[in-house]
>>> print(open('work_31.cif').read())   # mmCIF, C-alpha atoms
data_entry
loop_
_atom_site.label_atom_id
_atom_site.label_comp_id
_atom_site.auth_asym_id
_atom_site.auth_seq_id
_atom_site.Cartn_x
_atom_site.Cartn_y
_atom_site.Cartn_z
CA MET A 1 139.25 58.26 81.52
CA ALA A 2 140.26 55.26 83.61
CA GLN A 3 137.70 54.10 86.12
CA THR A 4 138.51 52.16 89.27
CA LEU A 5 136.22 49.19 89.60
CA ILE A 6 135.29 48.47 93.20
CA THR A 7 134.75 44.76 93.66
CA THR A 8 134.72 44.51 97.46
CA PRO A 9 131.40 43.63 99.12
CA PHE A 10 129.15 46.47 100.18
CA PRO A 11 129.65 47.24 103.91
CA THR A 12 126.74 46.22 106.13
CA PRO A 13 125.19 48.68 108.61
CA GLU A 14 126.67 46.60 111.43
CA GLN A 15 130.17 46.95 110.01
CA VAL A 16 129.83 50.70 109.57
CA ALA A 17 128.26 51.15 113.02
CA ARG A 18 131.22 49.29 114.52
CA MET A 19 133.76 51.32 112.56
CA MET A 20 132.07 54.60 113.49
CA ASN A 21 131.38 53.69 117.16
CA ILE A 22 127.65 54.09 116.69
CA SER A 23 125.54 52.52 119.45
CA PRO A 24 122.20 50.82 118.65
CA GLU A 25 120.37 53.80 120.22
CA GLU A 26 122.29 56.27 118.07
CA ALA A 27 121.68 54.12 115.01
CA ARG A 28 117.93 54.20 115.66
CA ALA A 29 118.00 57.96 116.21
CA ILE A 30 119.86 58.50 112.93
CA GLU A 31 117.47 56.23 111.03
CA ASN A 32 114.53 58.17 112.50
CA MET A 33 116.09 61.44 111.37
CA MET A 34 116.13 60.16 107.80
CA PHE A 35 113.14 57.89 107.46
CA GLY A 36 110.92 58.62 110.46
CA PRO A 37 110.08 56.10 113.20
CA ALA A 38 110.29 52.44 112.16
CA LYS A 39 107.02 50.79 111.15
CA PRO A 40 105.94 47.83 113.30
CA ALA A 41 106.72 44.42 111.86
CA SER A 42 103.95 42.90 109.73
CA GLY A 43 101.27 41.29 111.86
CA ALA A 44 102.27 43.27 114.92
CA SER A 45 99.78 45.77 116.25
CA SER A 46 100.82 49.26 117.24
CA GLY A 47 98.08 49.09 119.86
CA ARG A 48 96.12 51.85 118.24
CA LYS A 49 93.42 51.47 115.65
CA PRO A 50 92.88 54.09 112.97
CA VAL A 51 90.07 56.47 113.79
CA LYS A 52 87.16 56.16 111.42
CA ARG A 53 85.55 59.50 110.87
CA ASN A 54 81.98 59.70 109.69
CA LEU A 55 81.38 63.38 109.30
CA PRO A 56 77.85 64.23 108.27
CA GLY A 57 77.55 65.11 104.62
CA VAL A 58 81.18 64.33 103.81
CA GLY A 59 81.76 61.51 101.36
CA VAL A 60 78.03 60.81 101.15
CA ARG A 61 76.74 61.12 97.65
CA LYS A 62 73.04 61.18 97.25
CA SER A 63 71.67 59.72 94.09
CA LEU A 64 69.72 61.99 91.84
CA LYS A 65 66.60 59.94 92.44
CA SER A 66 66.74 60.09 96.23
CA ALA A 67 67.35 63.81 96.18
CA HIS A 68 63.85 64.38 94.79
CA MET B 1 143.16 47.01 108.47
CA PRO B 2 139.49 48.03 108.81
CA ASP B 3 136.80 45.45 107.99
CA ALA B 4 135.31 47.41 105.07
CA PRO B 5 136.97 49.31 102.22
CA CYS B 6 137.69 52.90 103.25
CA ALA B 7 138.30 56.19 101.46
CA PHE B 8 140.37 58.88 103.15
CA LEU B 9 139.02 62.42 102.70
CA ASN B 10 141.60 65.18 102.40
CA VAL B 11 139.40 68.25 102.17
CA PRO B 12 139.17 71.75 103.63
CA PHE B 13 137.19 71.94 106.85
CA ASP B 14 135.30 75.17 106.29
CA LYS B 15 131.65 76.19 106.27
CA GLU B 16 131.52 76.90 102.53
CA TYR B 17 132.81 73.43 101.76
CA GLU B 18 130.05 71.66 103.78
CA PRO B 19 127.77 70.93 100.78
CA LEU B 20 130.68 69.28 98.96
CA PHE B 21 131.75 67.45 102.12
CA LEU B 22 128.26 65.96 102.41
CA ALA B 23 128.28 65.07 98.71
CA LEU B 24 131.58 63.21 99.13
CA ILE B 25 130.25 61.22 102.09
CA ALA B 26 127.00 60.46 100.24
CA GLY B 27 128.69 59.54 96.97
CA LEU B 28 131.40 57.36 98.47
CA SER B 29 128.83 55.55 100.59
CA GLY B 30 126.77 54.96 97.46
CA PHE B 31 129.78 53.17 96.00
CA GLY B 32 130.17 51.01 99.10
CA LEU B 33 133.16 52.81 100.57
CA VAL B 34 133.44 54.02 104.16
CA PRO B 35 134.68 57.63 104.28
CA LYS B 36 137.44 58.25 106.80
CA SER B 37 138.85 61.51 108.05
CA VAL B 38 141.44 62.76 110.46
CA LEU B 39 138.43 64.30 112.25
CA GLU B 40 137.47 60.97 113.78
CA ILE B 41 140.74 60.23 115.47
CA PRO B 42 140.95 62.10 118.74
CA GLY B 43 143.80 61.62 121.13
CA SER B 44 147.24 62.70 122.02
CA GLN B 45 149.04 60.90 119.21
CA ARG B 46 150.99 63.19 116.93
CA ARG B 47 148.74 64.40 114.11
CA LEU B 48 151.22 63.37 111.43
CA ASP B 49 151.40 59.83 112.79
CA ARG B 50 147.61 59.63 112.86
CA LEU B 51 147.44 60.85 109.30
CA THR B 52 149.91 58.37 107.90
CA GLN B 53 148.25 55.49 109.76
CA LEU B 54 144.84 56.51 108.49
CA ILE B 55 145.96 56.87 104.88
CA ALA B 56 147.80 53.54 104.98
CA ASN B 57 144.62 51.83 106.26
CA CYS B 58 142.53 53.15 103.37
CA GLU B 59 142.42 51.67 99.87
CA TYR B 60 141.28 54.97 98.39
CA SER B 61 141.82 58.66 99.03
CA LEU B 62 140.37 61.85 97.63
CA HIS B 63 142.34 65.08 97.77
CA ASP B 64 140.54 68.33 97.07
CA ILE B 65 143.08 71.03 96.25
CA SER B 66 140.48 73.64 95.30
CA ARG B 67 141.00 75.62 98.51
CA VAL B 68 144.72 76.18 98.64
CA THR B 69 144.13 79.91 98.58
CA LEU B 70 144.88 82.23 101.49
CA SER B 71 142.96 81.79 104.73
CA ASP B 72 143.57 84.62 107.22
CA ARG B 73 146.41 85.72 104.90
CA VAL B 74 148.12 82.34 105.26
CA PRO B 75 148.20 79.78 102.42
CA ARG B 76 146.51 76.46 103.19
CA PHE B 77 149.19 73.83 102.78
CA ASN B 78 147.41 70.90 104.44
CA MET B 79 145.64 69.54 101.34
CA PRO B 80 148.68 69.49 99.01
CA PHE B 81 150.84 68.27 101.88
CA GLU B 82 148.56 65.29 102.58
CA LEU B 83 148.35 64.56 98.86
CA GLY B 84 152.16 64.50 98.68
CA LEU B 85 152.28 62.32 101.78
CA THR B 86 149.87 59.86 100.18
CA ILE B 87 151.75 59.68 96.88
CA GLY B 88 155.01 59.21 98.77
CA MET B 89 153.57 56.40 100.84
CA VAL B 90 152.07 54.67 97.81
CA GLN B 91 155.37 54.81 95.94
CA THR B 92 157.70 53.85 98.77
CA ARG B 93 155.57 51.32 100.63
CA ASN B 94 154.06 49.75 97.53
CA LEU B 95 150.57 50.22 98.97
CA GLU B 96 147.43 48.99 97.21
CA HIS B 97 145.90 52.44 97.22
CA HIS B 98 144.05 54.54 94.63
CA TRP B 99 144.26 58.32 95.00
CA TYR B 100 142.29 61.00 93.19
CA VAL B 101 142.82 64.74 92.89
CA LEU B 102 139.79 67.04 92.90
CA GLU B 103 139.62 70.69 91.86
CA SER B 104 136.82 73.20 91.40
CA ARG B 105 138.24 74.86 88.27
CA PRO B 106 139.63 73.21 85.14
CA HIS B 107 143.36 73.63 84.36
CA ARG B 108 144.10 75.46 87.64
CA ALA B 109 145.99 72.50 89.11
CA GLN B 110 148.38 72.73 86.16
CA LYS B 111 149.45 76.08 87.57
CA SER B 112 149.08 75.52 91.32
CA LEU B 113 150.64 72.04 91.34
CA SER B 114 152.43 71.51 88.04
CA ASP B 115 154.19 68.40 89.41
CA LEU B 116 150.85 66.68 88.84
CA ASN B 117 150.82 67.40 85.11
CA GLY B 118 149.91 64.18 83.35
CA THR B 119 147.76 63.11 86.30
CA GLU B 120 144.00 63.19 85.90
CA VAL B 121 142.43 66.01 87.94
CA TYR B 122 138.68 65.68 88.51
CA VAL B 123 136.82 68.98 88.32
CA HIS B 124 133.63 69.35 90.39
CA GLY B 125 132.90 73.03 89.74
CA ALA B 126 132.39 73.67 93.49
CA ARG B 127 128.97 72.01 93.23
CA ALA B 128 127.63 69.05 95.15
CA VAL B 129 126.22 67.49 91.98
CA GLY B 130 129.66 68.00 90.41
CA VAL B 131 131.21 65.97 93.23
CA LEU B 132 128.75 63.13 92.59
CA GLN B 133 129.57 63.24 88.87
CA VAL B 134 133.29 63.17 89.64
CA LEU B 135 132.81 60.06 91.78
CA ARG B 136 130.81 58.39 89.02
CA ASN B 137 133.62 59.14 86.57
CA ALA B 138 136.36 57.94 88.89
CA LEU B 139 134.68 54.90 90.45
CA GLY B 140 132.70 52.01 89.09
CA ARG B 141 130.97 48.95 90.49
CA SER B 142 129.99 45.83 88.66
CA GLU B 143 127.55 44.92 91.42
CA HIS B 144 125.22 47.40 93.18
CA LYS B 145 126.16 50.09 90.68
CA PRO B 146 124.60 53.38 91.88
CA GLU B 147 122.75 55.66 89.48
CA MET B 148 123.07 59.43 89.67
CA ARG B 149 119.52 59.83 90.98
CA GLU B 150 120.29 57.28 93.73
CA LEU B 151 123.38 59.20 94.81
CA GLN B 152 121.32 62.39 94.85
CA ALA B 153 118.69 60.68 97.03
CA ILE B 154 121.42 59.65 99.49
CA LEU B 155 122.66 63.25 99.52
CA ARG B 156 119.15 64.54 100.28
CA ASP B 157 118.87 62.11 103.22
CA LEU B 158 122.28 63.16 104.46
CA ARG B 159 121.41 66.87 104.32
CA ARG B 160 118.40 66.13 106.53
CA VAL B 161 120.60 64.34 109.06
CA ALA B 162 123.19 67.14 108.92
CA ARG B 163 120.53 69.71 109.80
CA GLU B 164 119.40 67.57 112.75
CA ILE B 165 122.95 67.03 113.96
CA LEU B 166 123.62 70.77 113.89
CA ARG B 167 120.56 71.27 116.13
CA GLU B 168 121.97 68.94 118.80
CA PRO B 169 123.22 70.65 121.97
CA GLY B 170 126.90 71.52 121.84
CA VAL B 171 127.35 70.82 118.14
CA GLN B 172 128.85 73.80 116.33
CA THR B 173 130.13 72.17 113.16
CA LEU B 174 129.95 69.00 111.08
CA TYR B 175 133.74 68.88 111.06
CA ASP B 176 134.02 67.08 114.35
CA THR B 177 134.42 63.47 115.46
CA ARG B 178 130.83 62.52 116.37
CA PRO B 179 129.04 64.49 113.65
CA PHE B 180 131.33 62.94 111.04
CA GLN B 181 130.81 59.41 112.37
CA LYS B 182 127.04 59.87 112.44
CA LEU B 183 127.03 61.20 108.88
CA VAL B 184 129.00 58.22 107.64
CA TYR B 185 126.61 55.79 109.33
CA ALA B 186 123.60 57.70 107.97
CA ALA B 187 124.98 57.66 104.43
CA ASN B 188 125.49 53.89 104.55
CA GLN B 189 121.93 53.38 105.81
CA SER B 190 120.58 55.66 103.13
CA ALA B 191 122.58 53.88 100.40
CA ILE B 192 121.03 50.57 101.43
CA LYS B 193 117.57 52.10 101.22
CA ARG B 194 118.11 54.04 98.01
CA ILE B 195 119.97 51.44 95.95
CA PRO B 196 117.37 48.69 95.42
CA SER B 197 119.84 45.83 94.89
CA LEU B 198 121.28 46.48 98.35
CA ARG B 199 118.05 46.02 100.26
CA LYS B 200 118.75 42.38 100.93
CA LEU B 201 121.63 43.34 103.23
CA THR B 202 120.87 42.32 106.80
CA GLY B 203 119.34 44.88 109.09
CA ALA B 204 118.22 47.14 106.26
CA ARG B 205 114.79 48.68 106.30
CA THR B 206 112.92 48.14 103.12
CA SER B 207 109.86 50.25 103.64
CA GLY B 208 109.20 53.58 102.00
#
>>> encode(input="work_31.cif", output="structure tokens")
Amino acid sequence: MAQTLITTPFPTPEQVARMMNISPEEARAIENMMFGPAKPASGASSGRKPVKRNLPGVGVRKSLKSAH
Amino acid sequence: MPDAPCAFLNVPFDKEYEPLFLALIAGLSGFGLVPKSVLEIPGSQRRLDRLTQLIANCEYSLHDISRVTLSDRVPRFNMPFELGLTIGMVQTRNLEHHWYVLESRPHRAQKSLSDLNGTEVYVHGARAVGVLQVLRNALGRSEHKPEMRELQAILRDLRRVAREILREPGVQTLYDTRPFQKLVYAANQSAIKRIPSLRKLTGARTSG
């Protein structure tokens, strides 16, 4: 079985967006559909800190000694 | 000529074919080709002129002749016609163009289109995974060579996008200009994410 070897460079997203008339907004929407919203760049803050939950009795392990 | 290598899709535009249509877009994108279809060329230009221009601009074409059966009691001539058109253009214009014939059942093309005897017909078994296997048999890459599991991952991403597109207001089918263009863009994005060696391409997200 003969196989055709493709040697051309892989098309970049910019090339494909241009060929398919995809605007930057549409490109973002499509990427979100597949991968979810983009993560902020490293070092950048999303402006919201993770909530630290300290529920009583959860994750607290008493030692055997202290229980007596 | 377009600025990236293109593959013209000559396939039936019906609901049952959608899983294979998505597999073709996913698989071709995994091999670094940009799928093209007559769907994406609106306008008043004569359809035949649009077709010939599109085929001539593509270095590759895939012709699925598995659905030449009757539709509303009329045989579907478009697929074999466009295949003949392509072969004619390649032979008379000396085009640098590779064409492939796809079927769902083995040996059927020998009966339905015996003029092709001696030509390799790729059988996909009417299954999306069969389409991906066909593409892996027909195409190769020395660089950024996609594995089967990577092509399947692209297909899964594309199915997700297809479902979202079909939820958009006014969208009835994937066989239309904008849905097709969005699917092609999505498949390229997914390929860059799913094929690790491609992640260095500019603009690609590398997370996840």
>>> closest_atom_pairs(input="work_31.cif", of="chain A", to="chain B", cutoff="9 Å", atoms="all atoms listed in the file", output="tab-separated table")
residue	atom	partner	partner_atom	distance
A:Met1	CA	B:Asn137	CA	7.6
A:Ala2	CA	B:Ala138	CA	7.1
A:Gln3	CA	B:Ala138	CA	4.9
A:Thr4	CA	B:Leu139	CA	4.9
A:Leu5	CA	B:Gly140	CA	4.5
A:Ile6	CA	B:Arg141	CA	5.1
A:Thr7	CA	B:Arg141	CA	6.5
A:Thr8	CA	B:Pro5	CA	7.1
A:Pro9	CA	B:Gly32	CA	7.5
A:Phe10	CA	B:Gly32	CA	4.8
A:Pro11	CA	B:Ala4	CA	5.8
A:Thr12	CA	B:Leu201	CA	6.5
A:Pro13	CA	B:Gln189	CA	6.4
A:Glu14	CA	B:Gly203	CA	7.9
A:Gln15	CA	B:Asp3	CA	7.1
A:Val16	CA	B:Tyr185	CA	6.0
A:Ala17	CA	B:Tyr185	CA	6.2
A:Met19	CA	B:Pro2	CA	7.6
A:Met20	CA	B:Gln181	CA	5.1
A:Asn21	CA	B:Gln181	CA	7.5
A:Ile22	CA	B:Lys182	CA	7.2
A:Glu26	CA	B:Lys182	CA	8.2
A:Ala27	CA	B:Tyr185	CA	7.7
A:Ile30	CA	B:Ala186	CA	6.3
A:Glu31	CA	B:Ala186	CA	7.0
A:Met33	CA	B:Val161	CA	5.8
A:Met34	CA	B:Asp157	CA	5.7
A:Phe35	CA	B:Gly208	CA	8.0
A:Ala38	CA	B:Arg205	CA	8.3
A:Lys39	CA	B:Ser207	CA	8.0
>>> resolve_selection(input="work_31.cif", expression="the PyMOL selection byres ((chain B and resi 79-89) around 12)", output="PyMOL selection string")
chain B and resi 8-13+37-38+47-69+75-78+90-103+109+112-116+119
>>> resolve_selection(input="work_31.cif", expression="the PyMOL selection byres ((chain B and resi 130) around 12)", output="MDAnalysis selection string")
chainID B and resid 19:21 23:24 27 102:105 122:129 131:137 148 151:152
>>> axis_aligned_box(input="work_31.cif", around="region 61-75 of chain B", padding_each_side="5 Å", output="lines of an AutoDock Vina configuration file")
center_x = 144.3
center_y = 72.2
center_z = 101.3
size_x = 17.8
size_y = 37.1
size_z = 21.9
>>> atom_distance(input="work_31.cif", atom1="CA of Ala26 (chain B)", atom2="CA of Lys200 (chain B)")
19.9 Å
>>> atom_distance(input="work_31.cif", atom1="CA of Val74 (chain B)", atom2="CA of Val121 (chain B)")
24.5 Å
>>> atom_distance(input="work_31.cif", atom1="CA of Glu150 (chain B)", atom2="CA of Leu174 (chain B)")
23.1 Å
>>> build_atoms(input="work_31.cif", residues="region 170-182 of chain B", atoms="N, CA and C atoms", output="mmCIF file, in the coordinates of the input")
data_model
loop_
_atom_site.group_PDB
_atom_site.id
_atom_site.type_symbol
_atom_site.label_atom_id
_atom_site.label_comp_id
_atom_site.auth_asym_id
_atom_site.auth_seq_id
_atom_site.Cartn_x
_atom_site.Cartn_y
_atom_site.Cartn_z
ATOM 1 N N GLY B 170 125.440 71.558 121.832
ATOM 2 C CA GLY B 170 126.900 71.520 121.840
ATOM 3 C C GLY B 170 127.545 71.310 120.489
ATOM 4 N N VAL B 171 126.757 71.051 119.466
ATOM 5 C CA VAL B 171 127.350 70.820 118.140
ATOM 6 C C VAL B 171 127.422 72.145 117.378
ATOM 7 N N GLN B 172 128.636 72.519 117.026
ATOM 8 C CA GLN B 172 128.850 73.800 116.330
ATOM 9 C C GLN B 172 129.111 73.578 114.843
ATOM 10 N N THR B 173 129.663 72.413 114.522
ATOM 11 C CA THR B 173 130.130 72.170 113.160
ATOM 12 C C THR B 173 129.999 70.692 112.812
ATOM 13 N N LEU B 174 129.947 70.403 111.528
ATOM 14 C CA LEU B 174 129.950 69.000 111.080
ATOM 15 C C LEU B 174 131.357 68.422 111.065
ATOM 16 N N TYR B 175 132.349 69.331 111.130
ATOM 17 C CA TYR B 175 133.740 68.880 111.060
ATOM 18 C C TYR B 175 134.250 68.510 112.452
ATOM 19 N N ASP B 176 133.609 67.544 113.037
ATOM 20 C CA ASP B 176 134.020 67.080 114.350
ATOM 21 C C ASP B 176 133.820 65.563 114.411
ATOM 22 N N THR B 177 134.403 64.929 115.416
ATOM 23 C CA THR B 177 134.420 63.470 115.460
ATOM 24 C C THR B 177 133.023 62.849 115.366
ATOM 25 N N ARG B 178 132.142 63.185 116.331
ATOM 26 C CA ARG B 178 130.830 62.520 116.370
ATOM 27 C C ARG B 178 129.942 62.894 115.187
ATOM 28 N N PRO B 179 129.848 64.183 114.841
ATOM 29 C CA PRO B 179 129.040 64.490 113.650
ATOM 30 C C PRO B 179 129.514 63.736 112.413
ATOM 31 N N PHE B 180 130.817 63.643 112.225
ATOM 32 C CA PHE B 180 131.330 62.940 111.040
ATOM 33 C C PHE B 180 130.949 61.458 111.090
ATOM 34 N N GLN B 181 131.124 60.837 112.253
ATOM 35 C CA GLN B 181 130.810 59.410 112.370
ATOM 36 C C GLN B 181 129.323 59.140 112.139
ATOM 37 N N LYS B 182 128.484 60.040 112.645
ATOM 38 C CA LYS B 182 127.040 59.870 112.440
ATOM 39 C C LYS B 182 126.675 60.035 110.965
#
